[in-house]
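As stored in entry22.tsv (TSV, C-alpha atoms):
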chain	number	residue	atom	x	y	z
A	1	MET	CA	-38.80	-78.72	-54.91
A	2	SER	CA	-38.37	-82.45	-54.38
A	3	GLY	CA	-38.20	-83.34	-58.08
A	4	ARG	CA	-41.39	-85.42	-57.88
A	5	GLU	CA	-43.83	-82.55	-58.38
A	6	GLN	CA	-43.82	-82.75	-62.18
A	7	LYS	CA	-45.43	-86.19	-62.09
A	8	TYR	CA	-48.56	-84.85	-60.39
A	9	ILE	CA	-48.57	-81.64	-62.45
A	10	ASN	CA	-48.41	-83.68	-65.67
A	11	GLU	CA	-51.29	-85.85	-64.49
A	12	ALA	CA	-53.38	-82.72	-63.92
A	13	PHE	CA	-52.63	-81.48	-67.45
A	14	GLU	CA	-53.11	-84.86	-69.10
A	15	THR	CA	-56.51	-85.38	-67.45
A	16	ASN	CA	-57.45	-81.70	-67.92
A	17	TRP	CA	-58.15	-81.20	-64.19
A	18	ILE	CA	-56.93	-77.59	-63.91
A	19	ALA	CA	-59.70	-76.05	-61.82
A	20	PRO	CA	-59.84	-75.89	-58.00
A	21	LEU	CA	-61.11	-79.44	-57.79
A	22	GLY	CA	-59.87	-82.79	-59.04
A	23	PRO	CA	-57.98	-85.97	-58.06
A	24	ASN	CA	-54.91	-84.17	-56.66
A	25	VAL	CA	-57.09	-82.01	-54.39
A	26	ASN	CA	-58.98	-85.04	-53.09
A	27	GLU	CA	-55.84	-87.07	-52.50
A	28	PHE	CA	-53.89	-84.21	-50.93
A	29	GLU	CA	-56.70	-83.75	-48.41
A	30	LYS	CA	-56.72	-87.45	-47.58
A	31	GLU	CA	-52.93	-87.63	-47.29
A	32	ILE	CA	-52.69	-84.62	-44.97
A	33	ALA	CA	-55.52	-85.96	-42.79
A	34	GLN	CA	-53.80	-89.32	-42.59
A	35	TYR	CA	-50.41	-87.78	-41.85
A	36	VAL	CA	-51.63	-85.76	-38.86
A	37	GLY	CA	-54.28	-88.27	-37.75
A	38	VAL	CA	-57.62	-86.51	-38.17
A	39	ASN	CA	-60.87	-87.49	-39.86
A	40	GLY	CA	-60.67	-85.01	-42.70
A	41	ALA	CA	-59.17	-81.93	-44.35
A	42	VAL	CA	-60.12	-79.21	-46.83
A	43	ALA	CA	-57.49	-77.80	-49.21
A	44	VAL	CA	-57.77	-74.03	-49.59
A	45	SER	CA	-55.91	-71.12	-51.14
A	46	SER	CA	-54.02	-70.08	-47.99
A	47	GLY	CA	-53.66	-70.61	-44.28
A	48	THR	CA	-55.42	-67.28	-43.82
A	49	ALA	CA	-58.42	-68.61	-45.74
A	50	ALA	CA	-58.45	-71.68	-43.49
A	51	ILE	CA	-58.54	-69.49	-40.35
A	52	HIS	CA	-61.33	-67.41	-41.86
A	53	LEU	CA	-63.38	-70.52	-42.62
A	54	ALA	CA	-62.81	-71.83	-39.09
A	55	LEU	CA	-64.14	-68.58	-37.64
A	56	LEU	CA	-67.17	-68.73	-39.93
A	57	LEU	CA	-67.89	-72.31	-38.91
A	58	LEU	CA	-67.74	-71.30	-35.24
A	59	GLY	CA	-70.25	-68.53	-35.84
A	60	VAL	CA	-67.88	-65.64	-35.16
A	61	SER	CA	-69.55	-62.42	-36.30
A	62	LYS	CA	-69.70	-58.69	-35.74
A	63	GLY	CA	-69.19	-57.68	-32.13
A	64	ASP	CA	-67.81	-61.04	-30.99
A	65	LYS	CA	-64.44	-61.39	-29.27
A	66	VAL	CA	-61.64	-63.78	-30.19
A	67	PHE	CA	-58.54	-64.39	-28.08
A	68	CYS	CA	-55.41	-64.68	-30.23
A	69	SER	CA	-51.66	-65.13	-29.76
A	70	SER	CA	-49.83	-61.81	-30.05
A	71	LEU	CA	-46.39	-63.04	-31.14
A	72	THR	CA	-47.32	-64.16	-34.65
A	73	PHE	CA	-47.74	-63.03	-38.24
A	74	VAL	CA	-50.67	-60.70	-38.88
A	75	ALA	CA	-52.48	-63.40	-40.90
A	76	SER	CA	-53.42	-65.13	-37.63
A	77	ALA	CA	-55.58	-62.16	-36.63
A	78	ASN	CA	-56.75	-60.55	-39.86
A	79	PRO	CA	-59.67	-62.98	-40.36
A	80	ILE	CA	-61.05	-61.87	-36.99
A	81	ILE	CA	-61.38	-58.40	-38.46
A	82	TYR	CA	-62.91	-59.79	-41.68
A	83	GLN	CA	-65.77	-61.00	-39.49
A	84	GLY	CA	-66.17	-57.67	-37.73
A	85	ALA	CA	-65.08	-59.28	-34.47
A	86	GLU	CA	-62.66	-57.93	-31.86
A	87	PRO	CA	-59.24	-59.56	-31.36
A	88	ILE	CA	-57.85	-59.66	-27.82
A	89	PHE	CA	-54.18	-60.51	-27.77
A	90	ILE	CA	-52.49	-62.91	-25.37
A	91	ASP	CA	-48.79	-62.75	-24.49
A	92	SER	CA	-46.21	-65.50	-24.89
A	93	GLU	CA	-44.51	-67.43	-22.11
A	94	PRO	CA	-40.75	-68.12	-22.02
A	95	ASP	CA	-40.80	-71.94	-22.21
A	96	THR	CA	-42.19	-72.15	-25.75
A	97	TRP	CA	-42.50	-68.49	-26.88
A	98	ASN	CA	-46.17	-69.32	-27.48
A	99	MET	CA	-49.48	-68.38	-25.86
A	100	SER	CA	-49.24	-68.00	-22.09
A	101	PRO	CA	-51.79	-70.12	-20.21
A	102	GLN	CA	-51.33	-67.72	-17.31
A	103	ALA	CA	-52.29	-64.67	-19.39
A	104	LEU	CA	-55.08	-66.62	-21.08
A	105	GLU	CA	-56.60	-67.50	-17.70
A	106	ARG	CA	-56.61	-63.83	-16.68
A	107	ALA	CA	-58.28	-62.87	-19.95
A	108	PHE	CA	-61.02	-65.46	-19.37
A	109	LYS	CA	-61.62	-64.25	-15.81
A	110	ASP	CA	-62.07	-60.70	-17.06
A	111	ALA	CA	-64.38	-61.95	-19.80
A	112	ILE	CA	-66.55	-63.66	-17.19
A	113	LYS	CA	-66.75	-60.41	-15.22
A	114	ASP	CA	-67.74	-58.55	-18.39
A	115	GLY	CA	-70.28	-61.23	-19.26
A	116	THR	CA	-68.86	-61.74	-22.76
A	117	LEU	CA	-66.82	-64.88	-23.33
A	118	PRO	CA	-64.85	-65.08	-26.58
A	119	LYS	CA	-66.29	-67.13	-29.44
A	120	ALA	CA	-62.89	-68.78	-30.09
A	121	VAL	CA	-59.23	-68.88	-29.11
A	122	ILE	CA	-56.60	-68.87	-31.87
A	123	VAL	CA	-53.42	-70.53	-30.59
A	124	VAL	CA	-50.30	-70.21	-32.75
A	125	ASN	CA	-47.45	-72.73	-32.79
A	126	LEU	CA	-44.58	-70.36	-33.43
A	127	TYR	CA	-41.63	-71.31	-35.67
A	128	GLY	CA	-42.60	-74.99	-35.54
A	129	GLN	CA	-42.81	-75.31	-31.74
A	130	SER	CA	-46.11	-76.40	-30.15
A	131	ALA	CA	-47.64	-74.21	-27.50
A	132	LYS	CA	-48.49	-75.59	-24.06
A	133	ILE	CA	-51.59	-76.95	-25.71
A	134	GLU	CA	-52.60	-79.30	-22.90
A	135	GLU	CA	-52.81	-76.46	-20.36
A	136	ILE	CA	-54.52	-74.18	-22.88
A	137	THR	CA	-57.06	-76.87	-23.76
A	138	VAL	CA	-57.96	-77.39	-20.10
A	139	ILE	CA	-58.62	-73.66	-19.69
A	140	CYS	CA	-60.68	-73.38	-22.88
A	141	ASN	CA	-62.72	-76.48	-22.05
A	142	GLN	CA	-63.44	-75.06	-18.61
A	143	TYR	CA	-65.12	-72.07	-20.26
A	144	GLY	CA	-66.57	-74.02	-23.20
A	145	VAL	CA	-64.69	-72.03	-25.83
A	146	PRO	CA	-63.35	-73.82	-28.96
A	147	ILE	CA	-59.73	-73.66	-30.09
A	148	ILE	CA	-58.45	-72.92	-33.58
A	149	GLU	CA	-54.89	-74.22	-33.68
A	150	ASP	CA	-52.85	-72.11	-36.08
A	151	ALA	CA	-50.21	-74.67	-37.05
A	152	ALA	CA	-49.21	-72.80	-40.21
A	153	GLU	CA	-45.54	-73.07	-39.22
A	154	SER	CA	-45.63	-76.39	-37.38
A	155	LEU	CA	-46.67	-79.14	-39.80
A	156	GLY	CA	-44.89	-82.30	-38.64
A	157	ALA	CA	-44.31	-81.05	-35.09
A	158	ARG	CA	-45.70	-83.14	-32.22
A	159	TYR	CA	-46.87	-82.59	-28.66
A	160	LYS	CA	-46.59	-85.66	-26.44
A	161	GLY	CA	-46.65	-87.80	-29.57
A	162	VAL	CA	-49.74	-86.15	-31.06
A	163	ALA	CA	-49.52	-84.11	-34.26
A	164	SER	CA	-49.55	-80.34	-34.12
A	165	GLY	CA	-52.77	-78.88	-35.50
A	166	THR	CA	-55.04	-81.63	-34.18
A	167	PHE	CA	-55.84	-80.46	-30.64
A	168	GLY	CA	-58.42	-77.79	-31.40
A	169	LYS	CA	-61.85	-77.91	-32.99
A	170	PHE	CA	-60.01	-76.87	-36.15
A	171	GLY	CA	-56.37	-76.94	-37.18
A	172	VAL	CA	-54.76	-74.79	-39.85
A	173	PHE	CA	-51.69	-75.41	-42.02
A	174	SER	CA	-50.00	-73.15	-44.56
A	175	PHE	CA	-48.18	-74.12	-47.76
A	176	ASN	CA	-46.92	-70.65	-48.57
A	177	GLY	CA	-43.61	-70.43	-50.43
A	178	ASN	CA	-41.61	-70.05	-47.22
A	179	LYS	CA	-43.11	-72.96	-45.28
A	180	ILE	CA	-41.48	-76.32	-44.58
A	181	ILE	CA	-43.38	-77.76	-47.55
A	182	THR	CA	-45.03	-75.57	-50.16
A	183	THR	CA	-47.60	-75.51	-52.93
A	184	SER	CA	-46.34	-71.98	-53.77
A	185	GLY	CA	-49.51	-70.72	-52.11
A	186	GLY	CA	-52.10	-72.75	-50.27
A	187	GLY	CA	-53.42	-73.98	-46.96
A	188	MET	CA	-55.39	-76.72	-45.25
A	189	LEU	CA	-58.20	-76.78	-42.71
A	190	VAL	CA	-58.29	-80.00	-40.68
A	191	SER	CA	-60.81	-81.35	-38.17
A	192	ASN	CA	-62.46	-84.46	-36.83
A	193	ASP	CA	-65.84	-82.88	-37.58
A	194	GLN	CA	-66.66	-84.09	-41.09
A	195	GLU	CA	-69.95	-82.19	-41.20
A	196	ALA	CA	-68.16	-78.93	-40.47
A	197	LEU	CA	-65.55	-79.68	-43.14
A	198	GLN	CA	-68.27	-80.29	-45.71
A	199	LYS	CA	-69.72	-76.88	-44.81
A	200	ALA	CA	-66.20	-75.43	-45.23
A	201	ARG	CA	-66.00	-76.86	-48.78
A	202	PHE	CA	-69.37	-75.29	-49.55
A	203	LEU	CA	-68.34	-71.87	-48.25
A	204	ALA	CA	-64.94	-72.07	-49.97
A	205	THR	CA	-66.60	-72.74	-53.34
A	206	GLN	CA	-68.66	-69.53	-53.46
A	207	ALA	CA	-71.46	-71.19	-51.41
A	208	ARG	CA	-73.15	-72.51	-54.52
A	209	ASP	CA	-76.43	-74.26	-53.70
A	210	ALA	CA	-77.25	-77.75	-55.00
A	211	ALA	CA	-79.25	-76.59	-58.00
A	212	PRO	CA	-78.91	-77.06	-61.79
A	213	HIS	CA	-78.48	-73.30	-62.15
A	214	TYR	CA	-76.20	-70.94	-60.23
A	215	GLN	CA	-78.01	-70.24	-56.99
A	216	HIS	CA	-76.60	-68.75	-53.78
A	217	SER	CA	-78.48	-68.52	-50.49
A	218	GLN	CA	-75.54	-67.20	-48.51
A	219	ILE	CA	-72.24	-65.43	-49.10
A	220	GLY	CA	-69.31	-67.67	-50.00
A	221	PHE	CA	-65.65	-67.32	-50.90
A	222	ASN	CA	-63.29	-68.34	-53.67
A	223	TYR	CA	-60.95	-70.25	-51.36
A	224	ARG	CA	-60.39	-73.68	-52.95
A	225	LEU	CA	-56.92	-74.91	-53.96
A	226	SER	CA	-56.23	-75.70	-57.62
A	227	ASN	CA	-55.62	-79.28	-58.73
A	228	ILE	CA	-52.17	-78.30	-60.05
A	229	LEU	CA	-51.02	-76.79	-56.76
A	230	ALA	CA	-52.46	-79.72	-54.84
A	231	GLY	CA	-50.27	-81.96	-57.00
A	232	ILE	CA	-47.22	-79.99	-55.91
A	233	GLY	CA	-48.37	-80.43	-52.32
A	234	ARG	CA	-48.66	-84.21	-52.70
A	235	ALA	CA	-45.06	-84.45	-53.88
A	236	GLN	CA	-43.90	-82.13	-51.11
A	237	LEU	CA	-45.71	-84.16	-48.45
A	238	GLU	CA	-43.74	-87.24	-49.55
A	239	VAL	CA	-40.52	-85.53	-48.40
A	240	LEU	CA	-41.87	-83.68	-45.35
A	241	ASP	CA	-40.02	-85.88	-42.86
A	242	ASP	CA	-36.79	-85.27	-44.79
A	243	ARG	CA	-37.43	-81.53	-44.67
A	244	ILE	CA	-38.00	-81.67	-40.91
A	245	ALA	CA	-34.78	-83.64	-40.39
A	246	ALA	CA	-32.91	-81.06	-42.48
A	247	ARG	CA	-34.33	-78.11	-40.53
A	248	ARG	CA	-33.53	-79.74	-37.21
A	249	ALA	CA	-29.98	-80.42	-38.41
A	250	VAL	CA	-29.59	-76.76	-39.38
A	251	PHE	CA	-30.79	-75.72	-35.92
A	252	GLN	CA	-28.41	-78.15	-34.23
A	253	GLN	CA	-25.38	-76.81	-36.08
A	254	TYR	CA	-26.22	-73.25	-35.11
A	255	TYR	CA	-26.87	-74.33	-31.54
A	256	ASN	CA	-23.60	-76.26	-31.27
A	257	GLU	CA	-21.54	-73.30	-32.48
A	258	LEU	CA	-23.33	-70.29	-31.04
A	259	SER	CA	-25.08	-71.30	-27.81
A	260	ASN	CA	-21.81	-70.95	-25.89
A	261	LEU	CA	-21.57	-67.23	-26.73
A	262	PRO	CA	-22.51	-64.97	-23.81
A	263	GLY	CA	-26.14	-63.84	-24.02
A	264	PHE	CA	-27.11	-66.15	-26.91
A	265	ARG	CA	-30.20	-68.27	-26.09
A	266	PHE	CA	-32.02	-70.43	-28.61
A	267	MET	CA	-35.77	-70.97	-28.80
A	268	PRO	CA	-36.54	-73.80	-26.35
A	269	GLU	CA	-38.08	-77.14	-27.23
A	270	LEU	CA	-40.58	-78.03	-24.51
A	271	ALA	CA	-40.16	-81.45	-22.89
A	272	ASP	CA	-42.26	-84.17	-24.59
A	273	THR	CA	-42.59	-82.07	-27.75
A	274	PHE	CA	-40.93	-82.30	-31.15
A	275	SER	CA	-40.45	-79.06	-33.07
A	276	ASN	CA	-40.03	-79.08	-36.85
A	277	ARG	CA	-37.60	-76.14	-36.34
A	278	TRP	CA	-39.13	-74.34	-39.30
A	279	LEU	CA	-36.90	-71.39	-38.45
A	280	THR	CA	-33.89	-71.29	-36.16
A	281	ALA	CA	-34.73	-68.51	-33.71
A	282	LEU	CA	-32.73	-67.16	-30.79
A	283	THR	CA	-32.43	-64.16	-28.52
A	284	VAL	CA	-29.34	-62.08	-27.80
A	285	ASN	CA	-29.08	-60.31	-24.45
A	286	GLU	CA	-27.18	-57.14	-25.33
A	287	ASP	CA	-25.89	-56.59	-21.80
A	288	GLU	CA	-24.35	-60.07	-21.68
A	289	ALA	CA	-23.30	-60.34	-25.32
A	290	GLY	CA	-22.01	-56.80	-25.74
A	291	ILE	CA	-23.85	-56.66	-29.06
A	292	SER	CA	-27.46	-56.21	-30.18
A	293	ILE	CA	-29.50	-58.12	-32.72
A	294	VAL	CA	-29.50	-54.98	-34.89
A	295	ASP	CA	-25.69	-55.12	-35.00
A	296	ILE	CA	-25.82	-58.77	-36.03
A	297	LEU	CA	-28.57	-58.30	-38.61
A	298	ASN	CA	-26.71	-55.38	-40.19
A	299	ALA	CA	-23.43	-57.29	-40.25
A	300	LEU	CA	-25.07	-60.28	-41.92
A	301	SER	CA	-26.85	-58.02	-44.41
A	302	ASP	CA	-23.48	-56.52	-45.37
A	303	GLU	CA	-22.44	-60.06	-46.35
A	304	ASN	CA	-25.66	-60.60	-48.35
A	305	ILE	CA	-27.01	-62.93	-45.67
A	306	GLU	CA	-30.69	-62.48	-44.86
A	307	ALA	CA	-31.75	-62.78	-41.24
A	308	ARG	CA	-34.74	-61.15	-39.60
A	309	PRO	CA	-36.16	-60.08	-36.25
A	310	VAL	CA	-38.85	-62.34	-34.80
A	311	TRP	CA	-42.47	-61.35	-35.45
A	312	LYS	CA	-43.47	-57.96	-34.11
A	313	PRO	CA	-46.23	-58.64	-31.56
A	314	LEU	CA	-49.66	-57.86	-32.93
A	315	HIS	CA	-50.61	-55.71	-29.98
A	316	LEU	CA	-47.79	-53.35	-31.04
A	317	GLN	CA	-48.93	-53.14	-34.67
A	318	PRO	CA	-50.41	-49.77	-35.66
A	319	VAL	CA	-53.47	-51.46	-37.16
A	320	PHE	CA	-54.27	-53.04	-33.77
A	321	LYS	CA	-53.29	-50.14	-31.51
A	322	GLU	CA	-56.70	-50.00	-29.79
A	323	THR	CA	-56.89	-53.69	-28.88
A	324	LYS	CA	-56.73	-55.28	-25.44
A	325	TYR	CA	-53.63	-57.24	-24.46
A	326	TYR	CA	-52.86	-59.59	-21.57
A	327	SER	CA	-49.20	-60.01	-20.62
A	328	HIS	CA	-47.62	-63.09	-19.06
A	329	TYR	CA	-46.07	-61.16	-16.19
A	330	GLU	CA	-47.78	-58.32	-14.40
A	331	LYS	CA	-45.20	-55.70	-15.43
A	332	GLU	CA	-43.32	-57.37	-18.26
A	333	SER	CA	-44.34	-58.50	-21.73
A	334	VAL	CA	-42.57	-61.69	-22.84
A	335	SER	CA	-43.47	-61.16	-26.50
A	336	GLU	CA	-42.08	-57.62	-26.47
A	337	THR	CA	-38.83	-58.84	-24.93
A	338	LEU	CA	-38.58	-61.56	-27.57
A	339	PHE	CA	-39.21	-59.01	-30.31
A	340	ASN	CA	-36.57	-56.63	-28.95
A	341	ASN	CA	-33.95	-59.33	-28.55
A	342	GLY	CA	-34.93	-62.10	-30.99
A	343	MET	CA	-33.91	-62.99	-34.52
A	344	CYS	CA	-34.33	-65.78	-37.06
A	345	LEU	CA	-31.31	-67.13	-38.90
A	346	PRO	CA	-31.25	-68.55	-42.44
A	347	SER	CA	-32.86	-71.98	-42.02
A	348	GLY	CA	-33.69	-73.38	-45.45
A	349	SER	CA	-33.88	-77.15	-45.87
A	350	ASN	CA	-31.37	-76.90	-48.72
A	351	MET	CA	-28.67	-75.05	-46.78
A	352	THR	CA	-25.26	-76.67	-47.08
A	353	ASP	CA	-22.79	-77.12	-44.24
A	354	GLU	CA	-20.71	-74.40	-45.90
A	355	ASP	CA	-23.70	-72.02	-45.90
A	356	ILE	CA	-24.27	-72.58	-42.20
A	357	LYS	CA	-20.58	-72.24	-41.37
A	358	THR	CA	-20.50	-68.95	-43.26
A	359	VAL	CA	-23.39	-67.53	-41.20
A	360	ILE	CA	-21.78	-68.75	-37.97
A	361	HIS	CA	-18.42	-67.27	-38.97
A	362	HIS	CA	-19.84	-63.82	-39.62
A	363	ILE	CA	-21.82	-63.82	-36.37
A	364	ARG	CA	-18.73	-64.81	-34.40
A	365	GLN	CA	-16.63	-62.20	-36.20
A	366	THR	CA	-19.20	-59.53	-35.46
A	367	VAL	CA	-19.17	-60.41	-31.77
A	368	ILE	CA	-15.35	-60.41	-31.69
A	369	LYS	CA	-15.02	-57.08	-33.52
A	370	ARG	CA	-17.57	-55.45	-31.24
A	371	LYS	CA	-15.73	-56.73	-28.18
A	372	GLU	CA	-12.42	-55.41	-29.54
A	373	ARG	CA	-13.96	-51.96	-30.12
A	374	VAL	CA	-15.41	-51.91	-26.60
A	375	ASP	CA	-12.05	-52.96	-25.08
A	376	MET	CA	-10.25	-50.27	-27.10
A	377	PHE	CA	-12.72	-47.62	-25.98
A	378	ARG	CA	-12.25	-48.61	-22.34
A	379	LYS	CA	-8.47	-48.36	-22.66

Can you present the structure in this file as C-alpha cells?
Amino acid sequence: MSGREQKYINEAFETNWIAPLGPNVNEFEKEIAQYVGVNGAVAVSSGTAAIHLALLLLGVSKGDKVFCSSLTFVASANPIIYQGAEPIFIDSEPDTWNMSPQALERAFKDAIKDGTLPKAVIVVNLYGQSAKIEEITVICNQYGVPIIEDAAESLGARYKGVASGTFGKFGVFSFNGNKIITTSGGGMLVSNDQEALQKARFLATQARDAAPHYQHSQIGFNYRLSNILAGIGRAQLEVLDDRIAARRAVFQQYYNELSNLPGFRFMPELADTFSNRWLTALTVNEDEAGISIVDILNALSDENIEARPVWKPLHLQPVFKETKYYSHYEKESVSETLFNNGMCLPSGSNMTDEDIKTVIHHIRQTVIKRKERVDMFRK
C-alpha cells in the first residue's frame, strides 16, 4: 500500500458510500480513463468480469468462436466458456512472448474456409509487455473482427507511445492483489465507445431496468466495484508510475547479474514499446546452462524464495484439451517451449537491493554447484 489509501477509505465511511457505487467509483473510472487516454471506463469486481462484459457487448453467444492467446492465465479464456462459445488458442511468438500474428493469420484463413469467422479476438499482454498489436490490429481489421485487449498485467505499459489496453474495441485491466497496483480485488473495462460502456454498467448492476420497482428484462451480473475498494484504487493509481519504475529497476538488476550466464535469456522488450515489467521472466536453456528451471525453482524454494514457472499454455490445460490450437511455427510451439524453459522471479515493487541480491546469489550458487557435480561425474 502507498499509505494514501486510508484517506479515500475514510471518505467512503464518513459519507456512508459503502455500496458498489459512489464518488470513489466515479472518480476512479475517470482517472483510469484519463491515465490511459480513452473516453471512458467501468470499474468492476475483477478483470475476468471485464472480459465477460466485453464478450457480452460484442454479442458473443453459444456456438460462436473466439480466438485467444494461449500463453496466459485461465481467466483470459474462462468468460468465453461462460457464454457457451468456443475458444481457439493462438501461439506466442519469440519477440514478445505474446500472440503470434503469423499463427493468427493462419487461424483466420481456416475460419474463412470454414465459413465461420470468430466473434472476437482476445489478445493478452503478458507480464507487462505489449503484443505486436499493430500487426494484430491490421489482421483483425482485414476480417472485421473486434479486439479485446487483455491488459490485466500491463497497466502503464506503452506501444509506440500509446497506452496498453487502448488498441482494441475494449481494454481490460486487473487490480487483483498481485498486480502492479491493487484494490485487493477488482478490474476495469475501458473503451472509446461510451454507449457500450453505459450498457456495461447496466449489465454489471444486475441489469435493473429504469423503473421505480425492481424490474429486469434481461439477465445481468453483480460485477460492480465497491466504493471502498475504488478508493484504494485511486490511491494506488497515484503511485503507479513509481511502481513501474520499481519493477523495471528490479528487472534491470536481475538482467545485469544473470544475463551473462550461459543459456539465460530474459523476456524481450520489443522496440518502440515500454513494458511495466510486472514480473521478471526469463528462460533457461538446459543444454547451454547445464541446469533446468526445475533445479532452480527447487533450490530457491529450499531458501524460502518463491519463484514460479511461466503460465502453462491454455491449449495444454485439461479443461481445454479438445480445443483447436494454432502454433507459430509449423512443427514447434513457442508457448510450449516458453513453458518448459521459463520462470518468473520475485519481482515485487517493495523488494530491497538485498532481497534481489539474495535471489541472484542463490541462482548463481545453484548453477555453480550443478556444474561442479557434472565436472566431478565426468572425471

TODO: Would you please work out which residue, of A:Leu104, A:Ala49, A:Ala54, A:Val123, is nearest to His328 (chain A) when using only C-alpha atoms?
DONE: A:Leu104

Might you pull out every residue within 6 Å of region 234-251 of chain A, with only C-alpha atoms counted and same-chain residues fewer than 5 positions away left off, and present them as a PDB file with C-alpha atoms, in the frame of the given file?
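In the end it all went to around-v7.pdb:
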ATOM      1  CA  ARG A   4     -41.390 -85.420 -57.880  1.00  0.00           C
ATOM      2  CA  GLU A   5     -43.830 -82.550 -58.380  1.00  0.00           C
ATOM      3  CA  PHE A  28     -53.890 -84.210 -50.930  1.00  0.00           C
ATOM      4  CA  ILE A 181     -43.380 -77.760 -47.550  1.00  0.00           C
ATOM      5  CA  ASN A 276     -40.030 -79.080 -36.850  1.00  0.00           C
ATOM      6  CA  ARG A 277     -37.600 -76.140 -36.340  1.00  0.00           C
ATOM      7  CA  THR A 280     -33.890 -71.290 -36.160  1.00  0.00           C
ATOM      8  CA  SER A 349     -33.880 -77.150 -45.870  1.00  0.00           C
TER       9      SER A 349
END

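Using all atoms listed in the file, the smallest distance between any of A:Thr48, A:Asn256, A:Ser327, A:Ser174 and Pro101 (chain A) comes from A:Ser327.
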
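Residues surrounding Leu117 (chain A) within 9 Å are Asp64, Lys65, Val66, Phe108, Asp110, Ala111, Ile112, Asp114, Ala120, Tyr143 and Val145 of chain A [only C-alpha atoms; sequence separation below 3 positions excluded].
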
Quick one: residues within 9 Å of Asp91 (chain A), only C-alpha atoms, excluding same-chain residues fewer than 6 positions away - as a CSV table (one decimal) with C-alpha atoms, in the frame of the given file?
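Heads up, here's the output in part-v5.csv:
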chain,number,residue,atom,x,y,z
A,68,CYS,CA,-55.4,-64.7,-30.2
A,69,SER,CA,-51.7,-65.1,-29.8
A,70,SER,CA,-49.8,-61.8,-30.0
A,71,LEU,CA,-46.4,-63.0,-31.1
A,97,TRP,CA,-42.5,-68.5,-26.9
A,98,ASN,CA,-46.2,-69.3,-27.5
A,99,MET,CA,-49.5,-68.4,-25.9
A,100,SER,CA,-49.2,-68.0,-22.1
A,103,ALA,CA,-52.3,-64.7,-19.4
A,104,LEU,CA,-55.1,-66.6,-21.1
A,313,PRO,CA,-46.2,-58.6,-31.6
A,325,TYR,CA,-53.6,-57.2,-24.5
A,326,TYR,CA,-52.9,-59.6,-21.6
A,327,SER,CA,-49.2,-60.0,-20.6
A,328,HIS,CA,-47.6,-63.1,-19.1
A,329,TYR,CA,-46.1,-61.2,-16.2
A,333,SER,CA,-44.3,-58.5,-21.7
A,334,VAL,CA,-42.6,-61.7,-22.8
A,335,SER,CA,-43.5,-61.2,-26.5
A,336,GLU,CA,-42.1,-57.6,-26.5

Just want the 10 Å neighbourhood of region 167-171 of chain A, counted on all atoms listed in the file, with same-chain residues fewer than 4 positions away dropped. Output as a PDB file with C-alpha atoms, in the coordinates of the input.
ATOM      1  CA  VAL A  38     -57.620 -86.510 -38.170  1.00  0.00           C
ATOM      2  CA  ALA A  41     -59.170 -81.930 -44.350  1.00  0.00           C
ATOM      3  CA  GLY A  47     -53.660 -70.610 -44.280  1.00  0.00           C
ATOM      4  CA  ALA A  50     -58.450 -71.680 -43.490  1.00  0.00           C
ATOM      5  CA  ILE A  51     -58.540 -69.490 -40.350  1.00  0.00           C
ATOM      6  CA  LEU A  53     -63.380 -70.520 -42.620  1.00  0.00           C
ATOM      7  CA  ALA A  54     -62.810 -71.830 -39.090  1.00  0.00           C
ATOM      8  CA  LEU A  55     -64.140 -68.580 -37.640  1.00  0.00           C
ATOM      9  CA  LEU A  57     -67.890 -72.310 -38.910  1.00  0.00           C
ATOM     10  CA  LEU A  58     -67.740 -71.300 -35.240  1.00  0.00           C
ATOM     11  CA  ALA A 120     -62.890 -68.780 -30.090  1.00  0.00           C
ATOM     12  CA  VAL A 121     -59.230 -68.880 -29.110  1.00  0.00           C
ATOM     13  CA  ILE A 122     -56.600 -68.870 -31.870  1.00  0.00           C
ATOM     14  CA  VAL A 123     -53.420 -70.530 -30.590  1.00  0.00           C
ATOM     15  CA  ILE A 133     -51.590 -76.950 -25.710  1.00  0.00           C
ATOM     16  CA  GLU A 134     -52.600 -79.300 -22.900  1.00  0.00           C
ATOM     17  CA  THR A 137     -57.060 -76.870 -23.760  1.00  0.00           C
ATOM     18  CA  CYS A 140     -60.680 -73.380 -22.880  1.00  0.00           C
ATOM     19  CA  VAL A 145     -64.690 -72.030 -25.830  1.00  0.00           C
ATOM     20  CA  PRO A 146     -63.350 -73.820 -28.960  1.00  0.00           C
ATOM     21  CA  ILE A 147     -59.730 -73.660 -30.090  1.00  0.00           C
ATOM     22  CA  ILE A 148     -58.450 -72.920 -33.580  1.00  0.00           C
ATOM     23  CA  GLU A 149     -54.890 -74.220 -33.680  1.00  0.00           C
ATOM     24  CA  ASP A 150     -52.850 -72.110 -36.080  1.00  0.00           C
ATOM     25  CA  ALA A 151     -50.210 -74.670 -37.050  1.00  0.00           C
ATOM     26  CA  ALA A 152     -49.210 -72.800 -40.210  1.00  0.00           C
ATOM     27  CA  TYR A 159     -46.870 -82.590 -28.660  1.00  0.00           C
ATOM     28  CA  VAL A 162     -49.740 -86.150 -31.060  1.00  0.00           C
ATOM     29  CA  ALA A 163     -49.520 -84.110 -34.260  1.00  0.00           C
ATOM     30  CA  MET A 188     -55.390 -76.720 -45.250  1.00  0.00           C
ATOM     31  CA  LEU A 189     -58.200 -76.780 -42.710  1.00  0.00           C
ATOM     32  CA  VAL A 190     -58.290 -80.000 -40.680  1.00  0.00           C
ATOM     33  CA  SER A 191     -60.810 -81.350 -38.170  1.00  0.00           C
ATOM     34  CA  ASN A 192     -62.460 -84.460 -36.830  1.00  0.00           C
ATOM     35  CA  ASP A 193     -65.840 -82.880 -37.580  1.00  0.00           C
ATOM     36  CA  ALA A 196     -68.160 -78.930 -40.470  1.00  0.00           C
ATOM     37  CA  LEU A 197     -65.550 -79.680 -43.140  1.00  0.00           C
TER      38      LEU A 197
END

Task: Within 12 Å of Thr205 (chain A) using only C-alpha atoms, minus same-chain residues under 6 positions, as a ChimeraX atom specification - done: /A:19-21,42-45,49,53,198-199,214,216,218-226

- [ ] Give as a PyMOL selection string each residue that has an atom at most 12 Å from (-43.4, -70.5, -42.1) in the file, counting all atoms listed in the file.
- [x] chain A and resi 47+72-73+75+124-129+150-155+173-182+185+187+247+276-280+310-311+344+347-348

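For the pair CA of Ile363 (chain A) and CA of Thr283 (chain A), the separation is 13.2 Å.
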
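CA of Thr323 (chain A) is found 19.0 Å from CA of Gln102 (chain A).
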